[in-house]
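Participant: What follows is the file protein_2.csv, containing CSV, C-alpha atoms and all ligand atoms:
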```csv
chain,number,residue,atom,x,y,z
A,1,MET,CA,0.0,0.0,0.0
A,2,ALA,CA,1.2,3.5,-0.8
A,3,SER,CA,2.4,5.5,2.2
A,4,TYR,CA,0.3,8.3,3.7
A,5,GLU,CA,0.5,11.9,2.8
A,6,ILE,CA,2.9,13.8,5.0
A,7,GLU,CA,0.0,15.9,6.4
A,8,ILE,CA,-1.4,12.6,7.9
A,9,ILE,CA,2.1,11.4,9.0
A,10,LEU,CA,2.8,14.7,10.8
A,11,ASN,CA,-0.6,14.6,12.5
A,12,ARG,CA,0.2,11.1,13.8
A,13,GLN,CA,3.7,12.3,15.0
A,14,LEU,CA,2.0,15.2,16.8
A,15,ALA,CA,-0.7,12.9,18.4
A,16,ASP,CA,2.1,10.6,19.5
A,17,CYS,CA,3.5,13.4,21.6
A,18,LEU,CA,0.3,14.5,23.3
A,19,SER,CA,-1.3,13.4,26.6
A,20,ILE,CA,-4.8,13.9,25.4
A,21,PRO,CA,-6.6,11.2,23.3
A,22,VAL,CA,-6.4,11.8,19.6
A,23,PHE,CA,-8.0,9.7,16.8
A,24,ILE,CA,-7.0,10.1,13.1
A,25,THR,CA,-9.3,8.7,10.4
A,26,ASP,CA,-9.0,8.6,6.6
A,27,THR,CA,-11.6,10.3,4.5
A,28,THR,CA,-14.2,7.5,5.0
A,29,GLY,CA,-13.8,7.3,8.7
A,30,ASN,CA,-11.6,4.3,9.1
A,31,LEU,CA,-9.4,4.7,12.2
A,32,ILE,CA,-5.9,4.8,10.9
A,33,PHE,CA,-4.2,5.9,14.1
A,34,TYR,CA,-5.0,6.6,17.8
A,35,ASN,CA,-2.5,7.5,20.4
A,36,ASP,CA,-1.9,5.9,23.8
A,37,PRO,CA,-4.2,8.2,25.8
A,38,ALA,CA,-7.1,7.1,23.5
A,39,GLU,CA,-6.8,3.7,25.1
A,40,MET,CA,-9.1,4.9,27.9
A,41,ILE,CA,-11.8,5.4,25.4
A,42,LEU,CA,-11.3,2.4,23.2
A,43,GLY,CA,-9.9,0.0,25.7
A,44,THR,CA,-7.3,-1.2,23.2
A,45,ARG,CA,-3.9,0.0,22.0
A,46,PHE,CA,-3.0,0.8,18.5
A,47,GLU,CA,0.0,-1.5,18.7
A,48,GLU,CA,-2.4,-4.4,19.3
A,49,THR,CA,-5.3,-3.5,16.9
A,50,GLY,CA,-3.6,-1.6,14.1
A,51,GLU,CA,-6.0,0.3,11.9
A,52,MET,CA,-9.8,-0.3,12.4
A,53,LYS,CA,-12.6,-0.2,9.9
A,54,VAL,CA,-15.3,2.4,10.8
A,55,GLU,CA,-17.8,-0.3,11.4
A,56,THR,CA,-15.5,-1.8,14.1
A,57,TRP,CA,-14.3,1.1,16.1
A,58,SER,CA,-17.5,3.1,16.0
A,59,THR,CA,-19.4,0.4,18.0
A,60,ILE,CA,-16.8,0.2,20.7
A,61,PHE,CA,-17.8,3.2,22.7
A,62,LYS,CA,-21.4,4.5,23.2
A,63,PRO,CA,-22.1,8.2,22.9
A,64,LEU,CA,-25.0,9.5,25.0
A,65,ASP,CA,-26.9,12.8,25.1
A,66,ASP,CA,-27.7,14.8,28.3
A,67,HIS,CA,-30.6,12.4,29.0
A,68,LYS,CA,-28.3,9.4,28.7
A,69,ALA,CA,-30.1,8.4,25.5
A,70,PRO,CA,-27.9,7.1,22.6
A,71,LEU,CA,-26.6,9.9,20.4
A,72,PRO,CA,-27.1,9.3,16.7
A,73,PRO,CA,-23.7,9.1,14.8
A,74,GLU,CA,-24.5,12.1,12.6
A,75,GLN,CA,-24.5,14.3,15.7
A,76,LEU,CA,-20.9,13.4,16.5
A,77,PRO,CA,-18.2,16.0,15.7
A,78,LEU,CA,-16.0,13.6,13.8
A,79,VAL,CA,-18.8,12.2,11.7
A,80,LYS,CA,-19.9,15.8,10.9
A,81,THR,CA,-16.3,16.7,9.9
A,82,LEU,CA,-16.1,13.7,7.6
A,83,ASN,CA,-19.4,14.8,6.0
A,84,ASP,CA,-18.8,18.5,5.6
A,85,GLN,CA,-15.0,18.9,5.9
A,86,HIS,CA,-15.5,21.6,8.6
A,87,PRO,CA,-14.3,21.6,12.3
A,88,HIS,CA,-16.9,20.7,14.9
A,89,HIS,CA,-17.0,20.6,18.7
A,90,LYS,CA,-19.5,19.1,21.1
A,91,THR,CA,-19.8,18.1,24.7
A,92,PHE,CA,-21.6,14.8,25.4
A,93,TRP,CA,-21.5,11.6,27.4
A,94,ILE,CA,-19.8,8.3,26.7
A,95,GLU,CA,-20.4,5.1,28.5
A,96,SER,CA,-17.0,4.2,29.8
A,97,LEU,CA,-15.5,0.7,29.7
A,98,LYS,CA,-16.6,0.3,33.4
A,99,GLY,CA,-20.2,1.0,32.4
A,100,THR,CA,-20.3,4.5,33.9
A,101,ALA,CA,-21.1,7.6,31.9
A,102,GLU,CA,-18.4,10.2,31.6
A,103,LYS,CA,-18.8,13.7,30.2
A,104,ILE,CA,-16.3,14.6,27.4
A,105,SER,CA,-15.8,17.3,24.8
A,106,VAL,CA,-14.7,16.4,21.4
A,107,THR,CA,-13.1,18.7,18.9
A,108,SER,CA,-12.7,17.5,15.3
A,109,TYR,CA,-11.0,19.1,12.4
A,110,PRO,CA,-10.4,18.1,8.7
A,111,ILE,CA,-6.9,17.6,7.4
A,112,ILE,CA,-6.8,19.7,4.2
A,113,GLY,CA,-3.5,19.2,2.6
A,114,ARG,CA,-1.3,21.7,0.7
A,115,ALA,CA,-3.0,20.9,-2.6
A,116,GLY,CA,-6.3,21.8,-1.0
A,117,LYS,CA,-7.2,18.1,-0.8
A,118,PHE,CA,-9.3,16.6,2.0
A,119,LEU,CA,-7.1,13.8,3.4
A,120,GLY,CA,-8.7,12.7,6.6
A,121,ALA,CA,-10.0,14.0,10.0
A,122,VAL,CA,-8.7,14.3,13.6
A,123,ALA,CA,-10.8,14.1,16.8
A,124,ILE,CA,-9.4,15.3,20.1
A,125,PHE,CA,-11.2,14.2,23.3
A,126,TRP,CA,-11.1,16.6,26.2
A,127,GLU,CA,-12.0,15.6,29.7
A,128,THR,CA,-14.6,17.9,31.2
A,129,LYS,CA,-14.5,17.1,34.9
A,130,ASP,CA,-15.4,20.6,35.8
A,131,LEU,CA,-18.6,20.8,33.7
B,1,MET,CA,20.7,6.5,-17.1
B,2,ARG,CA,23.7,8.7,-16.2
B,3,ILE,CA,23.9,10.5,-12.9
B,4,SER,CA,26.4,13.4,-12.7
B,5,VAL,CA,26.9,15.0,-9.3
B,6,LYS,CA,27.6,18.7,-9.4
B,7,GLY,CA,27.0,19.8,-5.8
B,8,VAL,CA,26.7,17.9,-2.5
B,9,ARG,CA,27.0,20.6,0.2
B,10,GLY,CA,24.1,21.5,2.4
B,11,SER,CA,23.0,25.0,3.4
B,12,ILE,CA,25.9,27.2,2.1
B,13,PRO,CA,28.8,26.7,-0.4
B,14,THR,CA,32.1,26.0,1.2
B,15,SER,CA,35.2,26.6,-0.9
B,16,GLY,CA,38.7,25.9,0.2
B,17,ALA,CA,41.3,23.2,0.3
B,18,ASP,CA,39.8,21.3,3.2
B,19,THR,CA,36.5,20.6,1.3
B,20,SER,CA,38.0,20.2,-2.1
B,21,TYR,CA,37.6,16.4,-2.3
B,22,TYR,CA,33.9,16.1,-1.6
B,23,GLY,CA,33.4,19.6,-3.0
B,24,GLY,CA,31.9,22.8,-1.6
B,25,ASN,CA,29.0,23.5,-4.1
B,26,THR,CA,25.4,23.2,-2.9
B,27,SER,CA,22.9,20.7,-4.3
B,28,CYS,CA,22.8,20.0,-8.0
B,29,THR,CA,22.8,16.7,-9.9
B,30,VAL,CA,22.3,16.0,-13.6
B,31,VAL,CA,20.4,13.0,-14.8
B,32,SER,CA,20.6,12.1,-18.5
B,33,GLU,CA,19.4,9.4,-20.8
B,34,LYS,CA,19.9,9.5,-24.6
B,35,ASP,CA,19.7,13.3,-25.3
B,36,CYS,CA,17.4,14.2,-22.5
B,37,PHE,CA,18.8,16.2,-19.6
B,38,LEU,CA,17.3,16.8,-16.2
B,39,VAL,CA,19.0,19.1,-13.7
B,40,LEU,CA,17.9,18.3,-10.2
B,41,ASP,CA,18.1,21.4,-8.0
B,42,GLY,CA,19.8,24.7,-8.8
B,43,GLY,CA,22.3,25.0,-6.1
B,44,SER,CA,25.7,26.6,-6.7
B,45,GLY,CA,26.8,23.3,-8.4
B,46,MET,CA,24.7,24.4,-11.3
B,47,GLN,CA,27.4,26.7,-12.6
B,48,LYS,CA,29.3,23.6,-13.6
B,49,VAL,CA,26.5,22.1,-15.7
B,50,THR,CA,27.3,22.2,-19.4
B,51,LEU,CA,25.1,20.6,-22.0
B,52,PRO,CA,26.1,19.3,-25.4
B,53,ALA,CA,25.6,22.0,-28.1
B,54,ALA,CA,22.9,19.9,-29.9
B,55,VAL,CA,20.7,19.9,-26.8
B,56,LYS,CA,17.8,22.4,-27.2
B,57,ARG,CA,15.7,21.5,-24.2
B,58,VAL,CA,16.6,21.2,-20.5
B,59,ASP,CA,14.3,20.5,-17.5
B,60,ILE,CA,15.2,21.8,-14.1
B,61,LEU,CA,13.5,20.0,-11.2
B,62,LEU,CA,13.5,21.9,-7.9
B,63,THR,CA,12.9,20.0,-4.7
B,64,HIS,CA,12.2,23.2,-2.9
B,65,LEU,CA,13.1,26.9,-2.9
B,66,HIS,CA,15.6,27.1,-0.1
B,67,LEU,CA,18.5,29.3,-1.3
B,68,ASP,CA,21.0,26.4,-1.3
B,69,HIS,CA,18.8,24.8,-4.0
B,70,ILE,CA,18.2,27.8,-6.2
B,71,GLN,CA,21.2,30.1,-5.9
B,72,GLY,CA,22.9,28.7,-9.0
B,73,LEU,CA,19.8,29.3,-11.2
B,74,GLY,CA,20.7,32.8,-12.2
B,75,PHE,CA,24.1,31.6,-13.4
B,76,PHE,CA,22.8,28.7,-15.6
B,77,SER,CA,23.8,29.6,-19.2
B,78,SER,CA,20.8,27.9,-20.8
B,79,LEU,CA,18.5,30.6,-19.2
B,80,PHE,CA,20.3,33.2,-21.3
B,81,ASN,CA,20.2,31.3,-24.6
B,82,PRO,CA,17.2,32.3,-26.8
B,83,ALA,CA,17.4,29.0,-28.7
B,84,MET,CA,16.9,27.0,-25.5
B,85,GLU,CA,13.6,25.6,-24.2
B,86,VAL,CA,13.9,25.6,-20.4
B,87,HIS,CA,11.3,24.0,-18.1
B,88,ILE,CA,11.4,24.6,-14.4
B,89,TRP,CA,9.4,22.2,-12.2
B,90,GLY,CA,9.0,22.9,-8.5
B,91,PRO,CA,6.5,23.0,-5.6
B,92,ALA,CA,4.1,25.8,-5.3
B,93,SER,CA,3.0,26.9,-1.9
B,94,ALA,CA,-0.7,26.8,-0.7
B,95,THR,CA,-1.0,30.5,-1.6
B,96,GLN,CA,1.6,31.3,-4.2
B,97,SER,CA,2.6,30.0,-7.6
B,98,LEU,CA,6.1,28.7,-8.4
B,99,HIS,CA,6.5,31.8,-10.6
B,100,SER,CA,5.8,34.3,-7.8
B,101,ARG,CA,7.9,32.3,-5.3
B,102,LEU,CA,10.9,32.1,-7.7
B,103,SER,CA,10.5,35.8,-8.7
B,104,ARG,CA,11.4,36.7,-5.1
B,105,TYR,CA,14.9,35.5,-5.9
B,106,LEU,CA,15.1,36.2,-9.6
B,107,SER,CA,14.4,40.0,-9.3
B,108,PRO,CA,16.2,43.0,-8.0
B,109,PRO,CA,17.7,43.6,-5.5
B,110,LEU,CA,18.7,40.0,-5.1
B,111,PHE,CA,19.3,39.4,-8.8
B,112,PRO,CA,19.5,41.9,-11.7
B,113,VAL,CA,17.3,40.1,-14.2
B,114,LEU,CA,13.6,39.5,-13.9
B,115,ILE,CA,12.2,36.1,-14.9
B,116,ARG,CA,10.2,37.6,-17.7
B,117,ASP,CA,13.3,39.1,-19.2
B,118,LEU,CA,15.2,35.9,-19.4
B,119,PRO,CA,16.0,35.3,-23.1
B,120,CYS,CA,15.3,31.5,-23.1
B,121,GLN,CA,11.9,30.0,-23.9
B,122,LEU,CA,10.9,29.4,-20.3
B,123,THR,CA,7.9,27.4,-18.9
B,124,LEU,CA,7.2,26.9,-15.2
B,125,HIS,CA,5.3,23.9,-13.9
B,126,ASP,CA,3.8,23.9,-10.4
B,127,ILE,CA,4.1,20.4,-9.0
B,128,ALA,CA,2.8,18.6,-5.8
B,129,ASN,CA,2.1,14.9,-5.5
B,130,SER,CA,2.5,14.6,-9.2
B,131,VAL,CA,3.5,12.2,-12.0
B,132,PHE,CA,4.8,13.6,-15.2
B,133,GLU,CA,6.9,12.5,-18.2
B,134,ILE,CA,9.9,14.2,-19.7
B,135,GLY,CA,11.5,12.4,-22.7
B,136,PRO,CA,12.3,8.8,-21.6
B,137,PHE,CA,11.7,9.6,-17.9
B,138,THR,CA,8.6,9.1,-15.8
B,139,ILE,CA,8.9,11.3,-12.7
B,140,SER,CA,7.0,11.2,-9.5
B,141,SER,CA,7.2,14.0,-7.0
B,142,ARG,CA,5.8,13.8,-3.5
B,143,PHE,CA,5.8,16.2,-0.6
B,144,VAL,CA,8.3,15.1,2.1
B,145,ILE,CA,9.1,16.3,5.6
B,146,HIS,CA,11.2,19.5,5.4
B,147,PRO,CA,10.3,23.1,6.3
B,148,GLY,CA,8.2,24.7,3.5
B,149,PRO,CA,6.8,23.0,0.5
B,150,THR,CA,9.4,20.4,-0.4
B,151,VAL,CA,9.2,17.4,-2.7
B,152,GLY,CA,11.4,14.4,-3.4
B,153,PHE,CA,11.7,12.8,-6.8
B,154,ARG,CA,11.6,9.3,-8.1
B,155,ILE,CA,12.9,9.2,-11.7
B,156,SER,CA,12.3,6.1,-13.7
B,157,GLY,CA,14.3,5.7,-16.9
B,158,GLN,CA,14.0,3.0,-19.4
B,159,ARG,CA,15.6,0.4,-17.1
B,160,SER,CA,16.5,2.0,-13.8
B,161,VAL,CA,15.2,4.1,-11.0
B,162,PHE,CA,16.9,7.0,-9.3
B,163,ALA,CA,15.4,8.5,-6.1
B,164,TYR,CA,16.5,12.0,-5.1
B,165,LEU,CA,15.7,13.4,-1.6
B,166,PRO,CA,18.5,15.8,-0.7
B,167,ASP,CA,16.6,17.6,2.1
B,168,HIS,CA,14.4,15.3,4.2
B,169,GLU,CA,13.7,14.5,7.8
B,170,PRO,CA,11.7,11.2,7.8
B,171,ALA,CA,12.7,10.5,11.5
B,172,LEU,CA,10.8,13.6,12.8
B,173,GLY,CA,8.7,12.5,15.7
B,174,LEU,CA,8.8,11.0,19.2
B,175,THR,CA,10.5,7.7,18.3
B,176,GLY,CA,12.3,8.3,15.0
B,177,LEU,CA,11.5,6.3,11.9
B,178,LEU,CA,8.4,4.1,12.3
B,179,LYS,CA,8.8,0.5,11.2
B,180,ASP,CA,5.4,0.5,9.3
B,181,THR,CA,6.6,1.9,6.0
B,182,LYS,CA,3.1,3.4,5.2
B,183,TRP,CA,4.0,6.0,7.9
B,184,ILE,CA,7.4,7.0,6.5
B,185,SER,CA,7.7,10.2,4.6
B,186,GLY,CA,9.3,9.7,1.1
B,187,PHE,CA,9.1,5.9,1.3
B,188,ASP,CA,7.2,5.4,-2.0
B,189,LEU,CA,9.8,7.5,-3.8
B,190,ALA,CA,12.8,5.5,-2.6
B,191,SER,CA,11.2,2.0,-2.5
B,192,ASP,CA,13.5,-0.5,-4.4
B,193,ALA,CA,15.4,2.3,-6.2
B,194,ASP,CA,18.6,1.4,-8.1
B,195,LEU,CA,20.2,4.5,-6.6
B,196,LEU,CA,19.0,6.7,-3.7
B,197,MET,CA,20.6,10.1,-3.0
B,198,HIS,CA,19.4,11.3,0.4
B,199,ASP,CA,20.1,13.9,3.1
B,200,ALA,CA,22.6,12.7,5.7
B,201,GLN,CA,23.7,16.0,7.1
B,202,TYR,CA,24.2,15.2,10.7
B,203,THR,CA,25.8,12.9,13.2
B,204,THR,CA,23.2,11.3,15.6
B,205,PRO,CA,24.1,13.7,18.5
B,206,GLU,CA,23.9,16.7,16.2
B,207,TYR,CA,20.5,15.5,15.0
B,208,ASN,CA,19.2,15.3,18.5
B,209,ASN,CA,19.9,19.0,18.9
B,210,LYS,CA,18.4,19.9,15.5
B,211,ILE,CA,15.1,18.0,15.4
B,212,GLY,CA,12.7,19.7,13.1
B,213,TRP,CA,15.4,21.5,11.1
B,214,GLY,CA,14.5,19.3,8.2
B,215,HIS,CA,17.6,17.1,7.8
B,216,SER,CA,18.7,13.6,8.7
B,217,SER,CA,21.4,11.9,10.6
B,218,MET,CA,23.6,9.5,8.7
B,219,GLU,CA,22.2,6.7,10.8
B,220,ASP,CA,18.6,7.5,10.1
B,221,ALA,CA,19.3,8.0,6.4
B,222,ILE,CA,20.9,4.6,6.2
B,223,GLN,CA,17.9,3.1,8.1
B,224,PHE,CA,15.6,4.8,5.6
B,225,ALA,CA,17.5,3.4,2.7
B,226,SER,CA,17.5,-0.1,4.3
B,227,LEU,CA,13.7,0.0,4.8
B,228,ALA,CA,13.3,1.1,1.2
B,229,THR,CA,15.6,-1.8,0.1
B,230,VAL,CA,17.5,0.4,-2.3
B,231,ARG,CA,20.4,-1.1,-4.3
B,232,HIS,CA,22.9,1.7,-3.9
B,233,PHE,CA,23.0,4.6,-1.5
B,234,LEU,CA,24.6,8.1,-1.8
B,235,LEU,CA,24.7,10.2,1.4
B,236,THR,CA,24.5,13.9,0.5
B,237,HIS,CA,23.8,17.5,1.8
B,238,HIS,CA,27.0,17.4,3.8
B,239,ASP,CA,27.1,19.9,6.6
B,240,PRO,CA,29.1,23.1,5.6
B,241,SER,CA,31.2,22.7,8.8
B,242,ARG,CA,32.5,19.4,7.6
B,243,THR,CA,36.0,19.1,6.2
B,244,ASP,CA,36.9,16.2,3.9
B,245,GLU,CA,38.8,14.7,6.8
B,246,LEU,CA,35.9,15.0,9.2
B,247,LEU,CA,33.5,13.5,6.6
B,248,ASN,CA,35.8,10.5,6.2
B,249,GLU,CA,36.0,10.0,10.0
B,250,MET,CA,32.2,10.2,10.4
B,251,PHE,CA,31.7,7.9,7.5
B,252,ALA,CA,34.2,5.4,8.9
B,253,ASP,CA,32.5,5.5,12.3
B,254,ILE,CA,29.0,4.9,10.9
B,255,GLN,CA,30.3,2.0,8.8
B,256,LYS,CA,31.6,0.3,12.0
B,257,LYS,CA,28.1,0.7,13.4
B,258,ILE,CA,25.9,-0.2,10.4
B,259,SER,CA,26.6,-2.4,7.4
B,260,PRO,CA,23.6,-2.5,5.2
B,261,PRO,CA,23.4,-5.1,2.4
B,262,PHE,CA,24.0,-2.5,-0.4
B,263,PRO,CA,26.9,-0.2,-1.1
B,264,ILE,CA,26.8,3.2,0.6
B,265,GLU,CA,29.0,6.1,-0.4
B,266,LEU,CA,29.4,9.8,0.5
B,267,ALA,CA,28.3,11.8,-2.5
B,268,ARG,CA,31.1,13.8,-4.1
B,269,GLU,CA,31.1,16.6,-6.6
B,270,GLY,CA,32.3,15.3,-9.9
B,271,MET,CA,31.0,11.8,-9.3
B,272,GLU,CA,29.5,10.0,-12.4
B,273,ILE,CA,27.3,7.0,-12.0
B,274,GLU,CA,26.0,4.9,-14.8
B,275,LEU,CA,22.8,3.0,-14.0
B,276,PRO,CA,21.9,0.1,-16.3
C,301,ZN,ZN,19.3,22.2,1.4
C,302,ZN,ZN,16.2,22.9,2.5
```
What does this structure look like when you write it as structure tokens?

Facilitator:
Amino acid sequence: MASYEIEIILNRQLADCLSIPVFITDTTGNLIFYNDPAEMILGTRFEETGEMKVETWSTIFKPLDDHKAPLPPEQLPLVKTLNDQHPHHKTFWIESLKGTAEKISVTSYPIIGRAGKFLGAVAIFWETKDL
Amino acid sequence: MRISVKGVRGSIPTSGADTSYYGGNTSCTVVSEKDCFLVLDGGSGMQKVTLPAAVKRVDILLTHLHLDHIQGLGFFSSLFNPAMEVHIWGPASATQSLHSRLSRYLSPPLFPVLIRDLPCQLTLHDIANSVFEIGPFTISSRFVIHPGPTVGFRISGQRSVFAYLPDHEPALGLTGLLKDTKWISGFDLASDADLLMHDAQYTTPEYNNKIGWGHSSMEDAIQFASLATVRHFLLTHHDPSRTDELLNEMFADIQKKISPPFPIELAREGMEIELP
């Protein structure tokens, strides 16, 4: 397989240096990289799973709205970014691996390369203990 | 395919007796097959490029527009020859064309002649992740890790492949080169090349103090070449502070540490390599 564009490679290298969870997807939502802190959301490590198809990874964690009802995928920032190639931000709940709900904020942004081409998307998960 | 090395120095030309063996001119290499001539980068080595009188077209391929890769352009005689067809291929930025970026150098006060006043028949080509053909060559350019828009080239001739990445930092990141080659900048360009010419400006301790400057240590460069399973490797973009003696010492040290299963050599001005 051809290697990734440097805009994607550099996003991974940055994510690797951060202590906040970061997901990187290709243009169709396949998870091509997640950093070590993202383990607390997915319960797995990139070294173990490698890349994950969108059907696989999107079912691992359960997003919930303020009433703890399931949040439809099209309301998630990353899904919105993949659809419209714009940045998005939202605070919502996710059911943690322990079965408890935790409030998080997600910021997503598109990776638009030098040639103006949409290459993928990044989602950053912020803890919102104080909210 | 014939490779003629005209300049191997990084950053700034270094003239003098103690750099006379490897040479002090900055990046420039000529690739030819039949009567087709490609000049890779326009560093100060470009002043030594001469073409046979019968040649009426030359293509200049710029990896990027740092001064050590364009400073020889204004002194390339073909640009001043009205009978010559000259094509310059180089990366545009996200906001400016190659023409406007090159004009910053080829205009007063830095240079007395404007691009539009050059007597040759000049065509500029903006490239990115592109594939294009020139004579017998198929050329792929791809953005690689180096400050500012920078590409590397993979030049396929009729029977052999030459990869040229004089300024490249594929090890940029927390843990250096990743083993999964999909995640290595420039890998596709170098993969299985008959000859790779690649940045190897620093020692490993020097690199550790210059992470993000856009260059490679000799060690990382050799690892990159090994992962790409090239057949022959030329280390280039020698640091301007390096005398011939120091370069030889460094190279001897690295060879004690790493012995890849293909020949490795320090690139030297005046070197001629014939690929099958
Ligand atoms: Zn350079
Ligand atoms: Zn450079």

Participant: From the options B:Arg268, B:Lys182, B:His237, B:Lys256, which residue's atoms come nearest to chain A, counting only C-alpha atoms?

Facilitator: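 Among the listed residues, B:Lys182 lies closest to chain A.
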
Participant: Just want the residues within 9 Å of ligand ZN 302 (chain C), written as a PDB file with C-alpha atoms, in the frame of the given file, counting all atoms listed in the file.

Facilitator:
```pdb
ATOM      1  CA  GLY B  10      24.100  21.500   2.400  1.00  0.00           C
ATOM      2  CA  SER B  11      23.000  25.000   3.400  1.00  0.00           C
ATOM      3  CA  THR B  63      12.900  20.000  -4.700  1.00  0.00           C
ATOM      4  CA  HIS B  64      12.200  23.200  -2.900  1.00  0.00           C
ATOM      5  CA  LEU B  65      13.100  26.900  -2.900  1.00  0.00           C
ATOM      6  CA  HIS B  66      15.600  27.100  -0.100  1.00  0.00           C
ATOM      7  CA  LEU B  67      18.500  29.300  -1.300  1.00  0.00           C
ATOM      8  CA  ASP B  68      21.000  26.400  -1.300  1.00  0.00           C
ATOM      9  CA  HIS B  69      18.800  24.800  -4.000  1.00  0.00           C
ATOM     10  CA  HIS B 146      11.200  19.500   5.400  1.00  0.00           C
ATOM     11  CA  PRO B 147      10.300  23.100   6.300  1.00  0.00           C
ATOM     12  CA  GLY B 148       8.200  24.700   3.500  1.00  0.00           C
ATOM     13  CA  THR B 150       9.400  20.400  -0.400  1.00  0.00           C
ATOM     14  CA  PRO B 166      18.500  15.800  -0.700  1.00  0.00           C
ATOM     15  CA  ASP B 167      16.600  17.600   2.100  1.00  0.00           C
ATOM     16  CA  HIS B 168      14.400  15.300   4.200  1.00  0.00           C
ATOM     17  CA  TRP B 213      15.400  21.500  11.100  1.00  0.00           C
ATOM     18  CA  GLY B 214      14.500  19.300   8.200  1.00  0.00           C
ATOM     19  CA  HIS B 215      17.600  17.100   7.800  1.00  0.00           C
TER      20      HIS B 215
END
```

Participant: Counting all atoms listed in the file, find the residues whose atoms lie at most 12 Å from (13.5, 39.0, -11.2) (file coordinates) and write them out as a VMD selection string.

Facilitator: chain B and resid 73 to 74 99 to 118

Participant: Do me a favour and pick out the residues of chain B within 12 Å of chain A, using only C-alpha atoms, as a ChimeraX atom specification.

Facilitator: /B:91-97,126-130,142-152,168-191,212,228

Participant: Around (29.7, 1.5, 1.2) in the file's own coordinates, what residues are found within 9 Å if you use only C-alpha atoms, given back as a compact mmCIF listing (two decimals) with C-alpha atoms, in the coordinates of the input?

Facilitator:
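Printed below is part.txt as written:
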```txt
# COMPACT_ATOMS: atom_id res chain seq x y z
CA HIS B 232 22.90 1.70 -3.90
CA PHE B 233 23.00 4.60 -1.50
CA LEU B 234 24.60 8.10 -1.80
CA GLN B 255 30.30 2.00 8.80
CA SER B 259 26.60 -2.40 7.40
CA PRO B 260 23.60 -2.50 5.20
CA PHE B 262 24.00 -2.50 -0.40
CA PRO B 263 26.90 -0.20 -1.10
CA ILE B 264 26.80 3.20 0.60
CA GLU B 265 29.00 6.10 -0.40
CA LEU B 266 29.40 9.80 0.50
```
